[in-house]
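A.B. asks: Sharing final-v4.pdb here; it has PDB, C-alpha atoms.
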ATOM      1  CA  MET L  23    -251.743 -92.411  49.979  1.00  0.00           C
ATOM      2  CA  ILE L  24    -248.718 -92.627  47.725  1.00  0.00           C
ATOM      3  CA  PRO L  25    -248.903 -95.309  45.022  1.00  0.00           C
ATOM      4  CA  ILE L  26    -245.908 -97.629  44.987  1.00  0.00           C
ATOM      5  CA  PRO L  27    -244.994-100.400  42.626  1.00  0.00           C
ATOM      6  CA  THR L  28    -245.700-103.888  43.931  1.00  0.00           C
ATOM      7  CA  THR L  29    -242.660-105.334  42.223  1.00  0.00           C
ATOM      8  CA  GLN L  30    -239.373-104.206  40.791  1.00  0.00           C
ATOM      9  CA  SER L  31    -237.030-106.280  38.669  1.00  0.00           C
ATOM     10  CA  SER L  32    -234.001-105.455  40.816  1.00  0.00           C
ATOM     11  CA  LEU L  33    -235.834-106.784  43.871  1.00  0.00           C
ATOM     12  CA  ILE L  34    -236.933-110.177  42.561  1.00  0.00           C
ATOM     13  CA  GLU L  35    -234.687-111.990  44.999  1.00  0.00           C
ATOM     14  CA  SER L  36    -236.324-110.389  48.004  1.00  0.00           C
ATOM     15  CA  VAL L  37    -235.439-112.022  51.306  1.00  0.00           C
ATOM     16  CA  LEU L  38    -237.531-112.029  54.463  1.00  0.00           C
ATOM     17  CA  THR L  39    -234.818-112.728  57.041  1.00  0.00           C
ATOM     18  CA  PRO L  40    -231.082-112.154  57.445  1.00  0.00           C
ATOM     19  CA  VAL L  41    -229.057-114.465  55.213  1.00  0.00           C
ATOM     20  CA  MET L  42    -225.935-116.397  56.050  1.00  0.00           C
ATOM     21  CA  ASP L  43    -223.285-115.867  53.394  1.00  0.00           C
ATOM     22  CA  ALA L  44    -220.335-118.120  52.531  1.00  0.00           C
ATOM     23  CA  THR L  45    -218.314-116.840  55.506  1.00  0.00           C
ATOM     24  CA  SER L  46    -221.234-117.393  57.920  1.00  0.00           C
ATOM     25  CA  THR L  47    -221.838-113.721  58.626  1.00  0.00           C
ATOM     26  CA  ILE L  48    -225.276-112.169  58.722  1.00  0.00           C
ATOM     27  CA  THR L  49    -226.066-109.809  55.903  1.00  0.00           C
ATOM     28  CA  THR L  50    -227.629-106.646  57.282  1.00  0.00           C
ATOM     29  CA  LYS L  51    -229.758-104.908  54.679  1.00  0.00           C
ATOM     30  CA  VAL L  52    -230.080-101.123  54.819  1.00  0.00           C
ATOM     31  CA  LEU L  53    -232.155 -98.876  52.547  1.00  0.00           C
ATOM     32  CA  PHE L  54    -231.779 -95.080  52.614  1.00  0.00           C
ATOM     33  CA  VAL L  55    -234.820 -93.067  51.496  1.00  0.00           C
ATOM     34  CA  CYS L  56    -235.536 -89.465  50.547  1.00  0.00           C
ATOM     35  CA  LEU L  57    -238.088 -87.884  48.216  1.00  0.00           C
ATOM     36  CA  GLY L  58    -236.498 -88.214  44.775  1.00  0.00           C
ATOM     37  CA  ASN L  59    -233.428 -90.437  45.361  1.00  0.00           C
ATOM     38  CA  ILE L  60    -230.927 -88.099  43.715  1.00  0.00           C
ATOM     39  CA  CYS L  61    -229.490 -86.020  46.605  1.00  0.00           C
ATOM     40  CA  ARG L  62    -229.745 -87.123  50.227  1.00  0.00           C
ATOM     41  CA  SER L  63    -230.439 -90.849  50.068  1.00  0.00           C
ATOM     42  CA  THR L  64    -227.839 -91.458  47.347  1.00  0.00           C
ATOM     43  CA  MET L  65    -225.299 -89.521  49.415  1.00  0.00           C
ATOM     44  CA  ALA L  66    -226.213 -91.506  52.544  1.00  0.00           C
ATOM     45  CA  GLU L  67    -225.832 -94.754  50.575  1.00  0.00           C
ATOM     46  CA  ALA L  68    -222.419 -93.691  49.228  1.00  0.00           C
ATOM     47  CA  VAL L  69    -221.155 -92.501  52.630  1.00  0.00           C
ATOM     48  CA  PHE L  70    -222.386 -95.693  54.297  1.00  0.00           C
ATOM     49  CA  ASN L  71    -220.809 -97.927  51.635  1.00  0.00           C
ATOM     50  CA  HIS L  72    -217.525 -96.055  51.967  1.00  0.00           C
ATOM     51  CA  ALA L  73    -217.583 -96.412  55.760  1.00  0.00           C
ATOM     52  CA  ILE L  74    -218.221-100.160  55.698  1.00  0.00           C
ATOM     53  CA  GLU L  75    -215.540-100.642  53.038  1.00  0.00           C
ATOM     54  CA  LYS L  76    -213.013 -98.765  55.193  1.00  0.00           C
ATOM     55  CA  ARG L  77    -213.967-100.910  58.199  1.00  0.00           C
ATOM     56  CA  GLY L  78    -213.620-104.111  56.166  1.00  0.00           C
ATOM     57  CA  ILE L  79    -217.215-105.151  56.838  1.00  0.00           C
ATOM     58  CA  ALA L  80    -218.835-104.471  53.454  1.00  0.00           C
ATOM     59  CA  ALA L  81    -219.511-108.184  52.881  1.00  0.00           C
ATOM     60  CA  GLU L  82    -221.788-108.111  55.927  1.00  0.00           C
ATOM     61  CA  PHE L  83    -224.141-105.542  54.374  1.00  0.00           C
ATOM     62  CA  GLU L  84    -226.445-104.984  51.452  1.00  0.00           C
ATOM     63  CA  VAL L  85    -227.075-101.269  50.902  1.00  0.00           C
ATOM     64  CA  ASP L  86    -229.297 -99.340  48.501  1.00  0.00           C
ATOM     65  CA  SER L  87    -231.306 -96.130  48.311  1.00  0.00           C
ATOM     66  CA  ALA L  88    -234.685 -95.153  46.904  1.00  0.00           C
ATOM     67  CA  GLY L  89    -237.182 -92.309  46.755  1.00  0.00           C
ATOM     68  CA  THR L  90    -240.755 -92.115  47.951  1.00  0.00           C
ATOM     69  CA  ALA L  91    -241.692 -90.394  44.683  1.00  0.00           C
ATOM     70  CA  SER L  92    -241.038 -91.442  41.094  1.00  0.00           C
ATOM     71  CA  TYR L  93    -239.834 -88.040  39.824  1.00  0.00           C
ATOM     72  CA  HIS L  94    -236.295 -89.122  39.029  1.00  0.00           C
ATOM     73  CA  VAL L  95    -236.501 -92.903  38.455  1.00  0.00           C
ATOM     74  CA  GLY L  96    -233.531 -93.941  36.310  1.00  0.00           C
ATOM     75  CA  SER L  97    -231.647 -90.658  36.831  1.00  0.00           C
ATOM     76  CA  SER L  98    -228.078 -90.310  38.042  1.00  0.00           C
ATOM     77  CA  PRO L  99    -227.445 -88.573  41.375  1.00  0.00           C
ATOM     78  CA  ASP L 100    -227.581 -84.770  41.439  1.00  0.00           C
ATOM     79  CA  LYS L 101    -224.225 -83.432  40.203  1.00  0.00           C
ATOM     80  CA  ARG L 102    -223.725 -81.447  43.405  1.00  0.00           C
ATOM     81  CA  SER L 103    -224.300 -84.514  45.557  1.00  0.00           C
ATOM     82  CA  ALA L 104    -221.892 -86.573  43.439  1.00  0.00           C
ATOM     83  CA  GLU L 105    -219.278 -83.789  43.488  1.00  0.00           C
ATOM     84  CA  THR L 106    -219.529 -83.436  47.267  1.00  0.00           C
ATOM     85  CA  CYS L 107    -218.906 -87.148  47.675  1.00  0.00           C
ATOM     86  CA  ARG L 108    -216.076 -87.118  45.125  1.00  0.00           C
ATOM     87  CA  LYS L 109    -214.243 -84.228  46.801  1.00  0.00           C
ATOM     88  CA  ASN L 110    -214.426 -86.191  50.074  1.00  0.00           C
ATOM     89  CA  GLY L 111    -213.043 -89.350  48.478  1.00  0.00           C
ATOM     90  CA  VAL L 112    -216.368 -91.192  48.492  1.00  0.00           C
ATOM     91  CA  PRO L 113    -217.391 -92.963  45.276  1.00  0.00           C
ATOM     92  CA  MET L 114    -221.026 -92.723  44.182  1.00  0.00           C
ATOM     93  CA  ASN L 115    -222.677 -95.004  41.650  1.00  0.00           C
ATOM     94  CA  HIS L 116    -226.464 -95.158  41.622  1.00  0.00           C
ATOM     95  CA  ARG L 117    -229.569 -94.838  39.454  1.00  0.00           C
ATOM     96  CA  ALA L 118    -232.648 -93.451  41.154  1.00  0.00           C
ATOM     97  CA  ARG L 119    -235.510 -95.791  41.911  1.00  0.00           C
ATOM     98  CA  GLN L 120    -238.748 -95.636  43.843  1.00  0.00           C
ATOM     99  CA  VAL L 121    -239.487 -97.501  47.059  1.00  0.00           C
ATOM    100  CA  CYS L 122    -241.505-100.651  46.336  1.00  0.00           C
ATOM    101  CA  THR L 123    -243.510-103.073  48.451  1.00  0.00           C
ATOM    102  CA  GLU L 124    -240.737-105.675  48.676  1.00  0.00           C
ATOM    103  CA  ASP L 125    -238.429-103.139  50.320  1.00  0.00           C
ATOM    104  CA  PHE L 126    -240.437-103.388  53.539  1.00  0.00           C
ATOM    105  CA  THR L 127    -239.571-107.068  53.956  1.00  0.00           C
ATOM    106  CA  LYS L 128    -236.249-107.238  52.118  1.00  0.00           C
ATOM    107  CA  TYR L 129    -234.475-104.597  54.210  1.00  0.00           C
ATOM    108  CA  HIS L 130    -233.874-104.771  57.939  1.00  0.00           C
ATOM    109  CA  TYR L 131    -233.517-100.989  58.227  1.00  0.00           C
ATOM    110  CA  ILE L 132    -235.204 -98.299  56.138  1.00  0.00           C
ATOM    111  CA  LEU L 133    -233.615 -94.998  57.113  1.00  0.00           C
ATOM    112  CA  CYS L 134    -235.235 -91.860  55.768  1.00  0.00           C
ATOM    113  CA  MET L 135    -234.116 -88.258  55.730  1.00  0.00           C
ATOM    114  CA  ASP L 136    -237.019 -86.248  57.143  1.00  0.00           C
ATOM    115  CA  GLU L 137    -240.472 -86.392  58.718  1.00  0.00           C
ATOM    116  CA  GLU L 138    -242.286 -86.171  55.380  1.00  0.00           C
ATOM    117  CA  ASN L 139    -240.349 -89.208  54.126  1.00  0.00           C
ATOM    118  CA  LEU L 140    -241.231 -91.018  57.352  1.00  0.00           C
ATOM    119  CA  ARG L 141    -244.949 -90.226  56.953  1.00  0.00           C
ATOM    120  CA  ASP L 142    -244.871 -91.324  53.314  1.00  0.00           C
ATOM    121  CA  LEU L 143    -243.133 -94.588  54.208  1.00  0.00           C
ATOM    122  CA  LYS L 144    -245.642 -95.294  56.981  1.00  0.00           C
ATOM    123  CA  ASP L 145    -248.451 -94.723  54.460  1.00  0.00           C
ATOM    124  CA  MET L 146    -246.812 -97.259  52.117  1.00  0.00           C
ATOM    125  CA  VAL L 147    -246.122-100.114  54.538  1.00  0.00           C
ATOM    126  CA  PRO L 148    -247.749-103.371  53.543  1.00  0.00           C
ATOM    127  CA  ARG L 149    -249.298-105.807  55.992  1.00  0.00           C
ATOM    128  CA  GLY L 150    -246.642-108.025  57.558  1.00  0.00           C
ATOM    129  CA  TYR L 151    -243.705-105.698  56.930  1.00  0.00           C
ATOM    130  CA  THR L 152    -240.534-106.511  58.872  1.00  0.00           C
ATOM    131  CA  ALA L 153    -238.252-103.495  58.380  1.00  0.00           C
ATOM    132  CA  THR L 154    -237.355-101.052  61.116  1.00  0.00           C
ATOM    133  CA  ILE L 155    -238.309 -97.643  59.701  1.00  0.00           C
ATOM    134  CA  LYS L 156    -236.622 -94.598  61.245  1.00  0.00           C
ATOM    135  CA  MET L 157    -235.211 -91.230  60.384  1.00  0.00           C
ATOM    136  CA  PHE L 158    -231.469 -91.539  59.726  1.00  0.00           C
ATOM    137  CA  GLY L 159    -230.955 -88.289  61.650  1.00  0.00           C
ATOM    138  CA  THR L 160    -232.050 -89.963  64.889  1.00  0.00           C
ATOM    139  CA  TYR L 161    -228.492 -91.318  64.955  1.00  0.00           C
ATOM    140  CA  ASP L 162    -226.881 -87.865  64.678  1.00  0.00           C
ATOM    141  CA  PRO L 163    -224.820 -87.268  67.830  1.00  0.00           C
ATOM    142  CA  LYS L 164    -225.308 -83.519  67.292  1.00  0.00           C
ATOM    143  CA  GLY L 165    -229.079 -83.992  67.503  1.00  0.00           C
ATOM    144  CA  ASP L 166    -229.877 -82.834  63.951  1.00  0.00           C
ATOM    145  CA  ARG L 167    -232.766 -85.229  63.311  1.00  0.00           C
ATOM    146  CA  ILE L 168    -233.653 -83.802  59.893  1.00  0.00           C
ATOM    147  CA  ILE L 169    -231.313 -84.227  56.942  1.00  0.00           C
ATOM    148  CA  LYS L 170    -232.576 -81.235  54.982  1.00  0.00           C
ATOM    149  CA  ASP L 171    -233.181 -81.363  51.242  1.00  0.00           C
ATOM    150  CA  PRO L 172    -230.358 -79.361  49.614  1.00  0.00           C
ATOM    151  CA  TYR L 173    -231.848 -79.514  46.097  1.00  0.00           C
ATOM    152  CA  TYR L 174    -232.997 -75.878  45.856  1.00  0.00           C
ATOM    153  CA  GLY L 175    -230.094 -74.419  47.816  1.00  0.00           C
ATOM    154  CA  GLY L 176    -226.388 -73.907  47.362  1.00  0.00           C
ATOM    155  CA  GLN L 177    -223.352 -76.096  47.840  1.00  0.00           C
ATOM    156  CA  GLY L 178    -223.376 -75.492  51.595  1.00  0.00           C
ATOM    157  CA  GLY L 179    -226.457 -77.694  51.951  1.00  0.00           C
ATOM    158  CA  PHE L 180    -224.678 -80.600  50.282  1.00  0.00           C
ATOM    159  CA  ASP L 181    -221.622 -80.118  52.482  1.00  0.00           C
ATOM    160  CA  ARG L 182    -223.843 -80.119  55.591  1.00  0.00           C
ATOM    161  CA  ASN L 183    -225.608 -83.270  54.366  1.00  0.00           C
ATOM    162  CA  PHE L 184    -222.273 -85.013  53.840  1.00  0.00           C
ATOM    163  CA  ALA L 185    -221.083 -84.186  57.359  1.00  0.00           C
ATOM    164  CA  GLN L 186    -224.405 -85.261  58.842  1.00  0.00           C
ATOM    165  CA  CYS L 187    -224.512 -88.525  56.841  1.00  0.00           C
ATOM    166  CA  THR L 188    -220.994 -89.284  58.057  1.00  0.00           C
ATOM    167  CA  ARG L 189    -221.943 -88.701  61.703  1.00  0.00           C
ATOM    168  CA  CYS L 190    -225.151 -90.699  61.363  1.00  0.00           C
ATOM    169  CA  THR L 191    -223.366 -93.570  59.622  1.00  0.00           C
ATOM    170  CA  ASP L 192    -220.805 -93.873  62.409  1.00  0.00           C
ATOM    171  CA  ALA L 193    -223.481 -93.720  65.114  1.00  0.00           C
ATOM    172  CA  PHE L 194    -225.784 -96.179  63.333  1.00  0.00           C
ATOM    173  CA  LEU L 195    -222.972 -98.682  62.871  1.00  0.00           C
ATOM    174  CA  GLU L 196    -222.084 -98.332  66.537  1.00  0.00           C
ATOM    175  CA  SER L 197    -225.737 -98.866  67.501  1.00  0.00           C
ATOM    176  CA  ILE L 198    -225.791-102.236  65.718  1.00  0.00           C
ATOM    177  CA  GLY L 199    -222.483-103.387  67.187  1.00  0.00           C
ATOM    178  CA  TYR L 200    -219.769-102.046  64.883  1.00  0.00           C
ATOM    179  CA  GLU L 201    -217.071 -99.523  65.757  1.00  0.00           C
TER     180      GLU L 201
END
For the structure just supplied, provide its representation as structure tokens.
C.D. replies:
Amino acid sequence: MIPIPTTQSSLIESVLTPVMDATSTITTKVLFVCLGNICRSTMAEAVFNHAIEKRGIAAEFEVDSAGTASYHVGSSPDKRSAETCRKNGVPMNHRARQVCTEDFTKYHYILCMDEENLRDLKDMVPRGYTATIKMFGTYDPKGDRIIKDPYYGGQGGFDRNFAQCTRCTDAFLESIGYE
């Protein structure tokens, strides 16, 4: 069993259900998760944020990313992940954090990168959780369910992750009613 914090200052305003904002739209809350929160999940968060900005629907979402482990809490994204996003015109601004108990009720969707992340998340779920927990790769139209950890590899892994996160973002948005 992986220990997780029961609270986190950035999550004090945890919400149990979708919230109506000033323009009467539902805020969909999405959390991307990988192991350390410096490569894959931060890239997925950045790609997703860029996609919803381009579509003009960013106000309808709350998006974040986290890691199942605490290795990199407070760290900036991996330079290679940030550079891959930058060269594709996608801004990235994040500090690594660990998944906490409130995430399972605050977020509607917790989308992880691989089967190990999924197992770890399922080991962490508190009683009464409300989030839908899935692998982000289940949305990949090419069928690549696993978004592989590029940390110990070369730049090609980051480029593959970017392409896969882009495909998965588009398919996920379509699956919840956006084009």
A.B. asks: When distances are computed from all atoms listed in the file, which of L:Asp136, L:Glu124, L:Asp86, L:Glu196 shows the smallest separation from Phe158 of chain L?
C.D. replies: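 Residue with the minimum atom-to-atom distance to Phe158 of chain L: L:Asp136.
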A.B. asks: Would you write out, as a ChimeraX atom specification, every residue that the PyMOL selection byres ((chain L and resi 114) around 8) captures in this file?
C.D. replies: /L:64-65,68,104,107-108,112-113,115-116
A.B. asks: Just say which residues the PyMOL selection byres ((chain L and resi 47-60) around 9) picks in this file, as number ranges by chain.
C.D. replies: L: 40-46, 61-67, 81-95, 97-101, 103, 116-121, 125, 128-136, 138-140, 143, 158, 171, 173
A.B. asks: Can you tell me how far atom CA of Asn71 of chain L sits from atom CA of Lys156 of chain L, in Å to one decimal?
C.D. replies: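 Atom-to-atom, atom CA of Asn71 of chain L to atom CA of Lys156 of chain L, that is 18.8 Å.
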A.B. asks: Suppose you want the space between atom CA of Ala153 of chain L and atom CA of Phe126 of chain L; what is it in Å?
C.D. replies: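 Taking atom CA of Ala153 of chain L as the start and atom CA of Phe126 of chain L as the end point, the length is 5.3 Å.
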A.B. asks: Quick check, in Å to one decimal: how far apart do atom CA of Tyr200 of chain L and atom CA of Ile74 of chain L lie?
C.D. replies: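 Pair atom CA of Tyr200 of chain L / atom CA of Ile74 of chain L returns 9.5 Å.
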A.B. asks: Quick one: everything within 10 Å of Gln177 of chain L, counting only C-alpha atoms, minus sequence neighbours fewer than 6 positions away in the same chain. Send it as an NGL selection string.
C.D. replies: :L and (102-103 or 105-106 or 183)
A.B. asks: Mind listing as a VMD selection string all residues within 7 Å of (-219.9, -93.8, 55.9), counting only C-alpha atoms?
C.D. replies: chain L and resid 69 to 74 188 191 to 192
A.B. asks: Here is a test: counting only C-alpha atoms, which residue of L:Thr123, L:Met157, L:Asp166, L:Gly176 is nearest to Asp145 of chain L?
C.D. replies: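 Checking each candidate against Asp145 of chain L, we get L:Thr123 as the closest.
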A.B. asks: Under the rule that all atoms listed in the file are counted, which of L:Lys76, L:Lys109, L:Arg149, L:Lys164 is the nearest residue to Phe184 of chain L?
C.D. replies: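 Distance minimum relative to Phe184 of chain L lands on L:Lys109.
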A.B. asks: Between L:Glu137, L:Asp142, L:Glu75, L:Glu201, which has the minimum distance to Lys170 of chain L (counting all atoms listed in the file)?
C.D. replies: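 Ranked by minimum distance to Lys170 of chain L, first place goes to L:Glu137.
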A.B. asks: Between L:Gly159, L:Gly178, L:Ile79, L:Tyr151, which has the minimum distance to Gly199 of chain L (counting all atoms listed in the file)?
C.D. replies: L:Ile79
